[in-house]
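Asks: This one is entry22.pdb, PDB, N, CA and C atoms.
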ATOM      1  N   MET S   1      -4.076 -21.183  -3.498
ATOM      2  CA  MET S   1      -3.682 -19.809  -3.660
ATOM      3  C   MET S   1      -4.082 -19.065  -2.398
ATOM      4  N   SER S   2      -3.147 -18.363  -1.805
ATOM      5  CA  SER S   2      -3.464 -17.605  -0.605
ATOM      6  C   SER S   2      -3.523 -16.124  -0.922
ATOM      7  N   ILE S   3      -4.503 -15.450  -0.333
ATOM      8  CA  ILE S   3      -4.631 -14.011  -0.456
ATOM      9  C   ILE S   3      -4.426 -13.433   0.922
ATOM     10  N   GLN S   4      -3.536 -12.458   1.021
ATOM     11  CA  GLN S   4      -3.185 -11.903   2.313
ATOM     12  C   GLN S   4      -3.364 -10.390   2.272
ATOM     13  N   ALA S   5      -4.104  -9.836   3.253
ATOM     14  CA  ALA S   5      -4.239  -8.383   3.354
ATOM     15  C   ALA S   5      -2.981  -7.823   3.993
ATOM     16  N   VAL S   6      -2.396  -6.817   3.371
ATOM     17  CA  VAL S   6      -1.132  -6.282   3.849
ATOM     18  C   VAL S   6      -1.339  -5.017   4.655
ATOM     19  N   SER S   7      -1.983  -4.019   4.085
ATOM     20  CA  SER S   7      -2.213  -2.757   4.783
ATOM     21  C   SER S   7      -3.271  -1.972   4.041
ATOM     22  N   VAL S   8      -3.743  -0.916   4.654
ATOM     23  CA  VAL S   8      -4.720  -0.070   4.007
ATOM     24  C   VAL S   8      -4.028   0.701   2.890
ATOM     25  N   SER S   9      -4.656   0.739   1.729
ATOM     26  CA  SER S   9      -4.064   1.378   0.565
ATOM     27  C   SER S   9      -3.991   2.887   0.719
ATOM     28  N   ARG S  10      -2.890   3.440   0.230
ATOM     29  CA  ARG S  10      -2.775   4.891   0.129
ATOM     30  C   ARG S  10      -3.389   5.304  -1.195
ATOM     31  N   ALA S  11      -3.801   6.544  -1.273
ATOM     32  CA  ALA S  11      -4.408   7.046  -2.507
ATOM     33  C   ALA S  11      -3.456   6.858  -3.683
ATOM     34  N   GLY S  12      -3.959   6.325  -4.783
ATOM     35  CA  GLY S  12      -3.161   6.138  -5.982
ATOM     36  C   GLY S  12      -2.326   4.873  -6.014
ATOM     37  N   ARG S  13      -2.301   4.101  -4.966
ATOM     38  CA  ARG S  13      -1.512   2.863  -4.936
ATOM     39  C   ARG S  13      -2.384   1.707  -5.419
ATOM     40  N   PRO S  14      -1.894   0.902  -6.357
ATOM     41  CA  PRO S  14      -2.687  -0.228  -6.833
ATOM     42  C   PRO S  14      -3.036  -1.174  -5.681
ATOM     43  N   PRO S  15      -4.283  -1.636  -5.618
ATOM     44  CA  PRO S  15      -4.717  -2.439  -4.475
ATOM     45  C   PRO S  15      -4.255  -3.897  -4.478
ATOM     46  N   PHE S  16      -3.769  -4.401  -5.615
ATOM     47  CA  PHE S  16      -3.369  -5.808  -5.696
ATOM     48  C   PHE S  16      -1.974  -5.915  -6.307
ATOM     49  N   TYR S  17      -1.178  -6.832  -5.777
ATOM     50  CA  TYR S  17       0.107  -7.113  -6.412
ATOM     51  C   TYR S  17       0.495  -8.556  -6.180
ATOM     52  N   ILE S  18       1.345  -9.029  -7.067
ATOM     53  CA  ILE S  18       1.868 -10.387  -6.981
ATOM     54  C   ILE S  18       3.356 -10.270  -6.696
ATOM     55  N   GLU S  19       3.797 -10.985  -5.683
ATOM     56  CA  GLU S  19       5.234 -11.121  -5.437
ATOM     57  C   GLU S  19       5.681 -12.421  -6.075
ATOM     58  N   LEU S  20       6.734 -12.354  -6.845
ATOM     59  CA  LEU S  20       7.358 -13.556  -7.386
ATOM     60  C   LEU S  20       8.563 -13.838  -6.504
ATOM     61  N   LEU S  21       8.448 -14.887  -5.701
ATOM     62  CA  LEU S  21       9.455 -15.206  -4.686
ATOM     63  C   LEU S  21      10.448 -16.220  -5.233
ATOM     64  N   SER S  22      11.738 -15.948  -5.029
ATOM     65  CA  SER S  22      12.764 -16.863  -5.516
ATOM     66  C   SER S  22      12.904 -18.041  -4.562
ATOM     67  N   CYS S  23      13.429 -19.134  -5.101
ATOM     68  CA  CYS S  23      13.575 -20.350  -4.314
ATOM     69  C   CYS S  23      14.689 -20.191  -3.273
ATOM     70  N   HIS S  24      14.602 -20.978  -2.224
ATOM     71  CA  HIS S  24      15.605 -20.918  -1.157
ATOM     72  C   HIS S  24      16.887 -21.644  -1.546
ATOM     73  N   ARG S  25      16.765 -22.688  -2.327
ATOM     74  CA  ARG S  25      17.959 -23.432  -2.731
ATOM     75  C   ARG S  25      18.613 -22.718  -3.914
ATOM     76  N   PRO S  26      19.879 -22.974  -4.165
ATOM     77  CA  PRO S  26      20.530 -22.346  -5.322
ATOM     78  C   PRO S  26      19.818 -22.750  -6.610
ATOM     79  N   CYS S  27      19.403 -21.766  -7.368
ATOM     80  CA  CYS S  27      18.725 -22.049  -8.628
ATOM     81  C   CYS S  27      19.001 -20.921  -9.613
ATOM     82  N   ARG S  28      18.813 -21.233 -10.865
ATOM     83  CA  ARG S  28      19.002 -20.231 -11.908
ATOM     84  C   ARG S  28      17.890 -19.200 -11.798
ATOM     85  N   LYS S  29      18.269 -17.937 -11.676
ATOM     86  CA  LYS S  29      17.281 -16.871 -11.562
ATOM     87  C   LYS S  29      16.782 -16.525 -12.961
ATOM     88  N   PRO S  30      15.465 -16.571 -13.187
ATOM     89  CA  PRO S  30      14.941 -16.292 -14.518
ATOM     90  C   PRO S  30      14.967 -14.796 -14.817
ATOM     91  N   ASN S  31      14.731 -14.467 -16.056
ATOM     92  CA  ASN S  31      14.594 -13.079 -16.453
ATOM     93  C   ASN S  31      13.160 -12.658 -16.125
ATOM     94  N   GLU S  32      12.989 -11.962 -14.998
ATOM     95  CA  GLU S  32      11.652 -11.601 -14.528
ATOM     96  C   GLU S  32      10.934 -10.684 -15.506
ATOM     97  N   GLU S  33      11.666  -9.762 -16.133
ATOM     98  CA  GLU S  33      11.021  -8.851 -17.082
ATOM     99  C   GLU S  33      10.423  -9.621 -18.255
ATOM    100  N   ALA S  34      11.153 -10.607 -18.770
ATOM    101  CA  ALA S  34      10.645 -11.413 -19.881
ATOM    102  C   ALA S  34       9.428 -12.227 -19.448
ATOM    103  N   LEU S  35       9.464 -12.752 -18.243
ATOM    104  CA  LEU S  35       8.337 -13.516 -17.720
ATOM    105  C   LEU S  35       7.098 -12.630 -17.596
ATOM    106  N   ILE S  36       7.271 -11.423 -17.062
ATOM    107  CA  ILE S  36       6.156 -10.488 -16.923
ATOM    108  C   ILE S  36       5.649 -10.056 -18.295
ATOM    109  N   ASP S  37       6.569  -9.868 -19.251
ATOM    110  CA  ASP S  37       6.164  -9.484 -20.609
ATOM    111  C   ASP S  37       5.360 -10.577 -21.302
ATOM    112  N   ASP S  38       5.550 -11.835 -20.905
ATOM    113  CA  ASP S  38       4.791 -12.946 -21.493
ATOM    114  C   ASP S  38       3.329 -12.949 -21.060
ATOM    115  N   TYR S  39       3.024 -12.263 -19.943
ATOM    116  CA  TYR S  39       1.649 -12.213 -19.453
ATOM    117  C   TYR S  39       0.810 -11.414 -20.452
ATOM    118  N   PRO S  40      -0.367 -11.936 -20.869
ATOM    119  CA  PRO S  40      -1.111 -11.292 -21.946
ATOM    120  C   PRO S  40      -1.719  -9.918 -21.626
ATOM    121  N   PHE S  41      -1.843  -9.537 -20.363
ATOM    122  CA  PHE S  41      -2.375  -8.232 -19.996
ATOM    123  C   PHE S  41      -1.247  -7.391 -19.405
ATOM    124  N   THR S  42      -1.264  -6.110 -19.690
ATOM    125  CA  THR S  42      -0.231  -5.227 -19.173
ATOM    126  C   THR S  42      -0.537  -4.871 -17.723
ATOM    127  N   PRO S  43       0.383  -5.156 -16.798
ATOM    128  CA  PRO S  43       0.155  -4.758 -15.406
ATOM    129  C   PRO S  43       0.233  -3.245 -15.262
ATOM    130  N   TYR S  44      -0.314  -2.745 -14.164
ATOM    131  CA  TYR S  44      -0.256  -1.319 -13.893
ATOM    132  C   TYR S  44       1.197  -0.875 -13.718
ATOM    133  N   LEU S  45       1.972  -1.713 -13.032
ATOM    134  CA  LEU S  45       3.352  -1.394 -12.713
ATOM    135  C   LEU S  45       4.064  -2.688 -12.339
ATOM    136  N   SER S  46       5.357  -2.767 -12.592
ATOM    137  CA  SER S  46       6.122  -3.937 -12.152
ATOM    138  C   SER S  46       7.545  -3.523 -11.820
ATOM    139  N   TYR S  47       8.122  -4.239 -10.867
ATOM    140  CA  TYR S  47       9.508  -4.030 -10.449
ATOM    141  C   TYR S  47      10.201  -5.386 -10.403
ATOM    142  N   ALA S  48      11.422  -5.441 -10.864
ATOM    143  CA  ALA S  48      12.257  -6.636 -10.704
ATOM    144  C   ALA S  48      13.406  -6.269  -9.778
ATOM    145  N   PHE S  49      13.706  -7.158  -8.849
ATOM    146  CA  PHE S  49      14.760  -6.914  -7.869
ATOM    147  C   PHE S  49      15.924  -7.859  -8.145
ATOM    148  N   PRO S  50      17.141  -7.337  -8.312
ATOM    149  CA  PRO S  50      18.274  -8.200  -8.656
ATOM    150  C   PRO S  50      18.740  -9.084  -7.505
ATOM    151  N   PHE S  51      18.441  -8.698  -6.251
ATOM    152  CA  PHE S  51      18.895  -9.468  -5.099
ATOM    153  C   PHE S  51      17.730  -9.672  -4.139
ATOM    154  N   GLY S  52      17.843 -10.702  -3.311
ATOM    155  CA  GLY S  52      16.865 -10.935  -2.265
ATOM    156  C   GLY S  52      15.831 -11.993  -2.612
ATOM    157  N   HIS S  53      14.985 -12.260  -1.636
ATOM    158  CA  HIS S  53      13.967 -13.312  -1.739
ATOM    159  C   HIS S  53      12.850 -12.929  -2.705
ATOM    160  N   VAL S  54      12.513 -11.641  -2.790
ATOM    161  CA  VAL S  54      11.477 -11.180  -3.714
ATOM    162  C   VAL S  54      12.149 -10.856  -5.040
ATOM    163  N   ALA S  55      11.815 -11.636  -6.075
ATOM    164  CA  ALA S  55      12.424 -11.423  -7.382
ATOM    165  C   ALA S  55      11.732 -10.303  -8.149
ATOM    166  N   ALA S  56      10.406 -10.168  -7.947
ATOM    167  CA  ALA S  56       9.654  -9.131  -8.662
ATOM    168  C   ALA S  56       8.335  -8.875  -7.957
ATOM    169  N   ARG S  57       7.774  -7.689  -8.216
ATOM    170  CA  ARG S  57       6.409  -7.348  -7.791
ATOM    171  C   ARG S  57       5.676  -6.828  -9.015
ATOM    172  N   VAL S  58       4.452  -7.318  -9.206
ATOM    173  CA  VAL S  58       3.637  -6.938 -10.348
ATOM    174  C   VAL S  58       2.314  -6.395  -9.799
ATOM    175  N   PHE S  59       1.990  -5.138 -10.107
ATOM    176  CA  PHE S  59       0.839  -4.451  -9.524
ATOM    177  C   PHE S  59      -0.331  -4.395 -10.501
ATOM    178  N   PHE S  60      -1.546  -4.521  -9.942
ATOM    179  CA  PHE S  60      -2.776  -4.485 -10.732
ATOM    180  C   PHE S  60      -3.822  -3.622 -10.045
ATOM    181  N   LEU S  61      -4.647  -2.962 -10.858
ATOM    182  CA  LEU S  61      -5.741  -2.156 -10.320
ATOM    183  C   LEU S  61      -6.998  -2.998 -10.105
ATOM    184  N   GLN S  62      -7.149  -4.069 -10.882
ATOM    185  CA  GLN S  62      -8.347  -4.896 -10.793
ATOM    186  C   GLN S  62      -8.010  -6.297 -10.298
ATOM    187  N   ARG S  63      -8.869  -6.794  -9.428
ATOM    188  CA  ARG S  63      -8.697  -8.117  -8.843
ATOM    189  C   ARG S  63      -8.687  -9.208  -9.913
ATOM    190  N   MET S  64      -9.566  -9.068 -10.912
ATOM    191  CA  MET S  64      -9.670 -10.083 -11.955
ATOM    192  C   MET S  64      -8.319 -10.299 -12.648
ATOM    193  N   TYR S  65      -7.612  -9.212 -12.987
ATOM    194  CA  TYR S  65      -6.320  -9.343 -13.659
ATOM    195  C   TYR S  65      -5.250  -9.882 -12.714
ATOM    196  N   ALA S  66      -5.324  -9.520 -11.452
ATOM    197  CA  ALA S  66      -4.370 -10.045 -10.469
ATOM    198  C   ALA S  66      -4.552 -11.555 -10.304
ATOM    199  N   LEU S  67      -5.799 -12.012 -10.257
ATOM    200  CA  LEU S  67      -6.059 -13.454 -10.127
ATOM    201  C   LEU S  67      -5.613 -14.204 -11.375
ATOM    202  N   LYS S  68      -5.912 -13.647 -12.556
ATOM    203  CA  LYS S  68      -5.488 -14.293 -13.800
ATOM    204  C   LYS S  68      -3.965 -14.345 -13.905
ATOM    205  N   ALA S  69      -3.305 -13.282 -13.472
ATOM    206  CA  ALA S  69      -1.838 -13.271 -13.505
ATOM    207  C   ALA S  69      -1.264 -14.302 -12.540
ATOM    208  N   THR S  70      -1.876 -14.430 -11.366
ATOM    209  CA  THR S  70      -1.411 -15.435 -10.402
ATOM    210  C   THR S  70      -1.512 -16.827 -11.008
ATOM    211  N   ALA S  71      -2.646 -17.115 -11.649
ATOM    212  CA  ALA S  71      -2.826 -18.420 -12.306
ATOM    213  C   ALA S  71      -1.813 -18.591 -13.443
ATOM    214  N   PHE S  72      -1.572 -17.537 -14.202
ATOM    215  CA  PHE S  72      -0.602 -17.580 -15.298
ATOM    216  C   PHE S  72       0.798 -17.911 -14.778
ATOM    217  N   PHE S  73       1.243 -17.206 -13.729
ATOM    218  CA  PHE S  73       2.584 -17.448 -13.188
ATOM    219  C   PHE S  73       2.693 -18.835 -12.556
ATOM    220  N   TRP S  74       1.628 -19.306 -11.874
ATOM    221  CA  TRP S  74       1.651 -20.663 -11.319
ATOM    222  C   TRP S  74       1.713 -21.696 -12.440
ATOM    223  N   SER S  75       0.947 -21.490 -13.496
ATOM    224  CA  SER S  75       0.944 -22.426 -14.614
ATOM    225  C   SER S  75       2.335 -22.561 -15.223
ATOM    226  N   HIS S  76       2.998 -21.424 -15.438
ATOM    227  CA  HIS S  76       4.358 -21.465 -15.988
ATOM    228  C   HIS S  76       5.340 -22.113 -15.012
ATOM    229  N   CYS S  77       5.132 -21.908 -13.731
ATOM    230  CA  CYS S  77       5.997 -22.532 -12.718
ATOM    231  C   CYS S  77       5.827 -24.052 -12.740
ATOM    232  N   LEU S  78       4.581 -24.499 -12.758
ATOM    233  CA  LEU S  78       4.313 -25.944 -12.740
ATOM    234  C   LEU S  78       4.753 -26.625 -14.028
ATOM    235  N   ASP S  79       4.788 -25.866 -15.136
ATOM    236  CA  ASP S  79       5.289 -26.406 -16.405
ATOM    237  C   ASP S  79       6.807 -26.415 -16.474
ATOM    238  N   GLY S  80       7.474 -25.871 -15.442
ATOM    239  CA  GLY S  80       8.933 -25.852 -15.409
ATOM    240  C   GLY S  80       9.547 -24.630 -16.075
ATOM    241  N   GLY S  81       8.734 -23.633 -16.402
ATOM    242  CA  GLY S  81       9.227 -22.436 -17.069
ATOM    243  C   GLY S  81      10.053 -21.529 -16.173
ATOM    244  N   HIS S  82       9.828 -21.618 -14.867
ATOM    245  CA  HIS S  82      10.602 -20.848 -13.900
ATOM    246  C   HIS S  82      10.436 -21.490 -12.533
ATOM    247  N   HIS S  83      11.227 -21.048 -11.562
ATOM    248  CA  HIS S  83      11.168 -21.613 -10.211
ATOM    249  C   HIS S  83      10.788 -20.549  -9.188
ATOM    250  N   LEU S  84       9.957 -19.600  -9.603
ATOM    251  CA  LEU S  84       9.479 -18.550  -8.696
ATOM    252  C   LEU S  84       8.117 -18.934  -8.150
ATOM    253  N   THR S  85       7.847 -18.545  -6.917
ATOM    254  CA  THR S  85       6.558 -18.822  -6.297
ATOM    255  C   THR S  85       5.715 -17.553  -6.326
ATOM    256  N   PRO S  86       4.590 -17.553  -7.069
ATOM    257  CA  PRO S  86       3.725 -16.375  -7.097
ATOM    258  C   PRO S  86       2.898 -16.292  -5.820
ATOM    259  N   SER S  87       2.819 -15.111  -5.245
ATOM    260  CA  SER S  87       2.054 -14.885  -4.024
ATOM    261  C   SER S  87       1.218 -13.616  -4.200
ATOM    262  N   LEU S  88      -0.106 -13.774  -4.236
ATOM    263  CA  LEU S  88      -1.013 -12.642  -4.417
ATOM    264  C   LEU S  88      -1.177 -11.895  -3.102
ATOM    265  N   GLN S  89      -1.005 -10.578  -3.154
ATOM    266  CA  GLN S  89      -1.135  -9.717  -1.975
ATOM    267  C   GLN S  89      -2.236  -8.696  -2.227
ATOM    268  N   VAL S  90      -3.009  -8.408  -1.194
ATOM    269  CA  VAL S  90      -4.057  -7.394  -1.269
ATOM    270  C   VAL S  90      -3.637  -6.247  -0.370
ATOM    271  N   VAL S  91      -3.445  -5.072  -0.957
ATOM    272  CA  VAL S  91      -2.984  -3.916  -0.199
ATOM    273  C   VAL S  91      -4.157  -3.202   0.458
ATOM    274  N   SER S  92      -5.292  -3.164  -0.208
ATOM    275  CA  SER S  92      -6.441  -2.410   0.288
ATOM    276  C   SER S  92      -7.402  -3.319   1.038
ATOM    277  N   LEU S  93      -7.956  -2.801   2.121
ATOM    278  CA  LEU S  93      -8.979  -3.532   2.857
ATOM    279  C   LEU S  93     -10.381  -3.052   2.476
ATOM    280  N   ASP S  94     -10.492  -2.243   1.419
ATOM    281  CA  ASP S  94     -11.777  -1.757   0.938
ATOM    282  C   ASP S  94     -12.543  -2.920   0.324
ATOM    283  N   PRO S  95     -13.672  -3.352   0.920
ATOM    284  CA  PRO S  95     -14.386  -4.532   0.407
ATOM    285  C   PRO S  95     -14.905  -4.346  -1.013
ATOM    286  N   PHE S  96     -15.151  -3.112  -1.441
ATOM    287  CA  PHE S  96     -15.623  -2.869  -2.798
ATOM    288  C   PHE S  96     -14.609  -3.344  -3.825
ATOM    289  N   LEU S  97     -13.312  -3.237  -3.519
ATOM    290  CA  LEU S  97     -12.275  -3.641  -4.455
ATOM    291  C   LEU S  97     -12.172  -5.154  -4.610
ATOM    292  N   LEU S  98     -12.757  -5.885  -3.681
ATOM    293  CA  LEU S  98     -12.672  -7.351  -3.768
ATOM    294  C   LEU S  98     -13.703  -7.930  -4.725
ATOM    295  N   PHE S  99     -14.608  -7.102  -5.230
ATOM    296  CA  PHE S  99     -15.638  -7.552  -6.156
ATOM    297  C   PHE S  99     -15.492  -6.798  -7.463
ATOM    298  N   ASP S 100     -15.301  -7.539  -8.538
ATOM    299  CA  ASP S 100     -15.223  -6.932  -9.856
ATOM    300  C   ASP S 100     -16.625  -6.806 -10.411
ATOM    301  N   LEU S 101     -16.879  -5.769 -11.151
ATOM    302  CA  LEU S 101     -18.190  -5.578 -11.741
ATOM    303  C   LEU S 101     -18.475  -6.646 -12.782
ATOM    304  N   SER S 102     -17.441  -7.266 -13.318
ATOM    305  CA  SER S 102     -17.620  -8.306 -14.349
ATOM    306  C   SER S 102     -17.961  -9.665 -13.747
ATOM    307  N   ASP S 103     -17.857  -9.829 -12.414
ATOM    308  CA  ASP S 103     -18.146 -11.120 -11.774
ATOM    309  C   ASP S 103     -19.628 -11.426 -11.810
TER     310      ASP S 103
END
With the file now loaded, output its structure as structure tokens.
Replies:
Amino acid sequence: MSIQAVSVSRAGRPPFYIELLSCHRPCRKPNEEALIDDYPFTPYLSYAFPFGHVAARVFFLQRMYALKATAFFWSHCLDGGHHLTPSLQVVSLDPFLLFDLSD
């Protein structure tokens, strides 16, 4: 799992998000909303894109939920439930956000 810092967060913007990337070869595009709804925790915000390489973005306020969601989406991918590649992105470079109080 790779974590990549993207940019410094603006006020009110969730610091973590997962991009669900579609495959390069022709493949059946899954219903991203249904896939996101299957995740047991409600994300802060999510977007599904009908066209392009990024099929969806799922935003989280806490790192713990972003990591669990990444594992959830990878697990479903490896089980053959979809052909999207989950990629965890970190928007904020604030080191405090990288540590959850529950850790």
Asks: Using only C-alpha atoms, which residue out of S:Ala69, S:Ala55, S:Leu78, S:Val90 lies closest to Phe41 in chain S?
Replies: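 The closest residue to Phe41 in chain S is S:Ala69.
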Asks: Taking into account only C-alpha atoms, which residue in the set S:Phe60, S:Tyr65, S:Phe49, S:Phe16 is nearest to Gln89 in chain S?
Replies: S:Phe16
Asks: Enter the distance from CA of Ser22 in chain S to atom C of His53 in chain S, in Å, rounded to one decimal.
Replies: 4.8 Å
Asks: Run DSSP on the backbone and grab whatever in range 8-80 of chain S lands in alpha helix (DSSP H); send it over as a short mmCIF file (atom, residue, chain, number, x, y, z; two decimals) with N, CA and C atoms, keeping the file's coordinate frame.
Replies:
data_model
loop_
_atom_site.label_atom_id
_atom_site.label_comp_id
_atom_site.auth_asym_id
_atom_site.auth_seq_id
_atom_site.Cartn_x
_atom_site.Cartn_y
_atom_site.Cartn_z
N GLU S 32 12.99 -11.96 -15.00
CA GLU S 32 11.65 -11.60 -14.53
C GLU S 32 10.93 -10.68 -15.51
N GLU S 33 11.67 -9.76 -16.13
CA GLU S 33 11.02 -8.85 -17.08
C GLU S 33 10.42 -9.62 -18.26
N ALA S 34 11.15 -10.61 -18.77
CA ALA S 34 10.64 -11.41 -19.88
C ALA S 34 9.43 -12.23 -19.45
N LEU S 35 9.46 -12.75 -18.24
CA LEU S 35 8.34 -13.52 -17.72
C LEU S 35 7.10 -12.63 -17.60
N ILE S 36 7.27 -11.42 -17.06
CA ILE S 36 6.16 -10.49 -16.92
C ILE S 36 5.65 -10.06 -18.30
N ASP S 37 6.57 -9.87 -19.25
CA ASP S 37 6.16 -9.48 -20.61
C ASP S 37 5.36 -10.58 -21.30
N ASP S 38 5.55 -11.84 -20.90
CA ASP S 38 4.79 -12.95 -21.49
C ASP S 38 3.33 -12.95 -21.06
N ARG S 63 -8.87 -6.79 -9.43
CA ARG S 63 -8.70 -8.12 -8.84
C ARG S 63 -8.69 -9.21 -9.91
N MET S 64 -9.57 -9.07 -10.91
CA MET S 64 -9.67 -10.08 -11.96
C MET S 64 -8.32 -10.30 -12.65
N TYR S 65 -7.61 -9.21 -12.99
CA TYR S 65 -6.32 -9.34 -13.66
C TYR S 65 -5.25 -9.88 -12.71
N ALA S 66 -5.32 -9.52 -11.45
CA ALA S 66 -4.37 -10.04 -10.47
C ALA S 66 -4.55 -11.56 -10.30
N LEU S 67 -5.80 -12.01 -10.26
CA LEU S 67 -6.06 -13.45 -10.13
C LEU S 67 -5.61 -14.20 -11.38
N LYS S 68 -5.91 -13.65 -12.56
CA LYS S 68 -5.49 -14.29 -13.80
C LYS S 68 -3.96 -14.34 -13.90
N ALA S 69 -3.30 -13.28 -13.47
CA ALA S 69 -1.84 -13.27 -13.50
C ALA S 69 -1.26 -14.30 -12.54
N THR S 70 -1.88 -14.43 -11.37
CA THR S 70 -1.41 -15.44 -10.40
C THR S 70 -1.51 -16.83 -11.01
N ALA S 71 -2.65 -17.11 -11.65
CA ALA S 71 -2.83 -18.42 -12.31
C ALA S 71 -1.81 -18.59 -13.44
N PHE S 72 -1.57 -17.54 -14.20
CA PHE S 72 -0.60 -17.58 -15.30
C PHE S 72 0.80 -17.91 -14.78
N PHE S 73 1.24 -17.21 -13.73
CA PHE S 73 2.58 -17.45 -13.19
C PHE S 73 2.69 -18.84 -12.56
N TRP S 74 1.63 -19.31 -11.87
CA TRP S 74 1.65 -20.66 -11.32
C TRP S 74 1.71 -21.70 -12.44
N SER S 75 0.95 -21.49 -13.50
CA SER S 75 0.94 -22.43 -14.61
C SER S 75 2.34 -22.56 -15.22
N HIS S 76 3.00 -21.42 -15.44
CA HIS S 76 4.36 -21.46 -15.99
C HIS S 76 5.34 -22.11 -15.01
N CYS S 77 5.13 -21.91 -13.73
CA CYS S 77 6.00 -22.53 -12.72
C CYS S 77 5.83 -24.05 -12.74
N LEU S 78 4.58 -24.50 -12.76
CA LEU S 78 4.31 -25.94 -12.74
C LEU S 78 4.75 -26.62 -14.03
#
Asks: Please provide as JSON, numbers by chain all residues within 6 Å of Tyr47 in chain S, with the sequence filter that same-chain residues fewer than 3 positions apart are discarded (counting all atoms listed in the file).
Replies: {"S": [55, 56, 57, 58]}
Asks: Point out the residue among S:Ala48, S:Val54, S:Val91, S:Pro86 with the least atom-to-atom distance to Pro15 in chain S, counting only N, CA and C atoms.
Replies: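 Among the listed residues, the smallest separation from Pro15 in chain S belongs to S:Val91.
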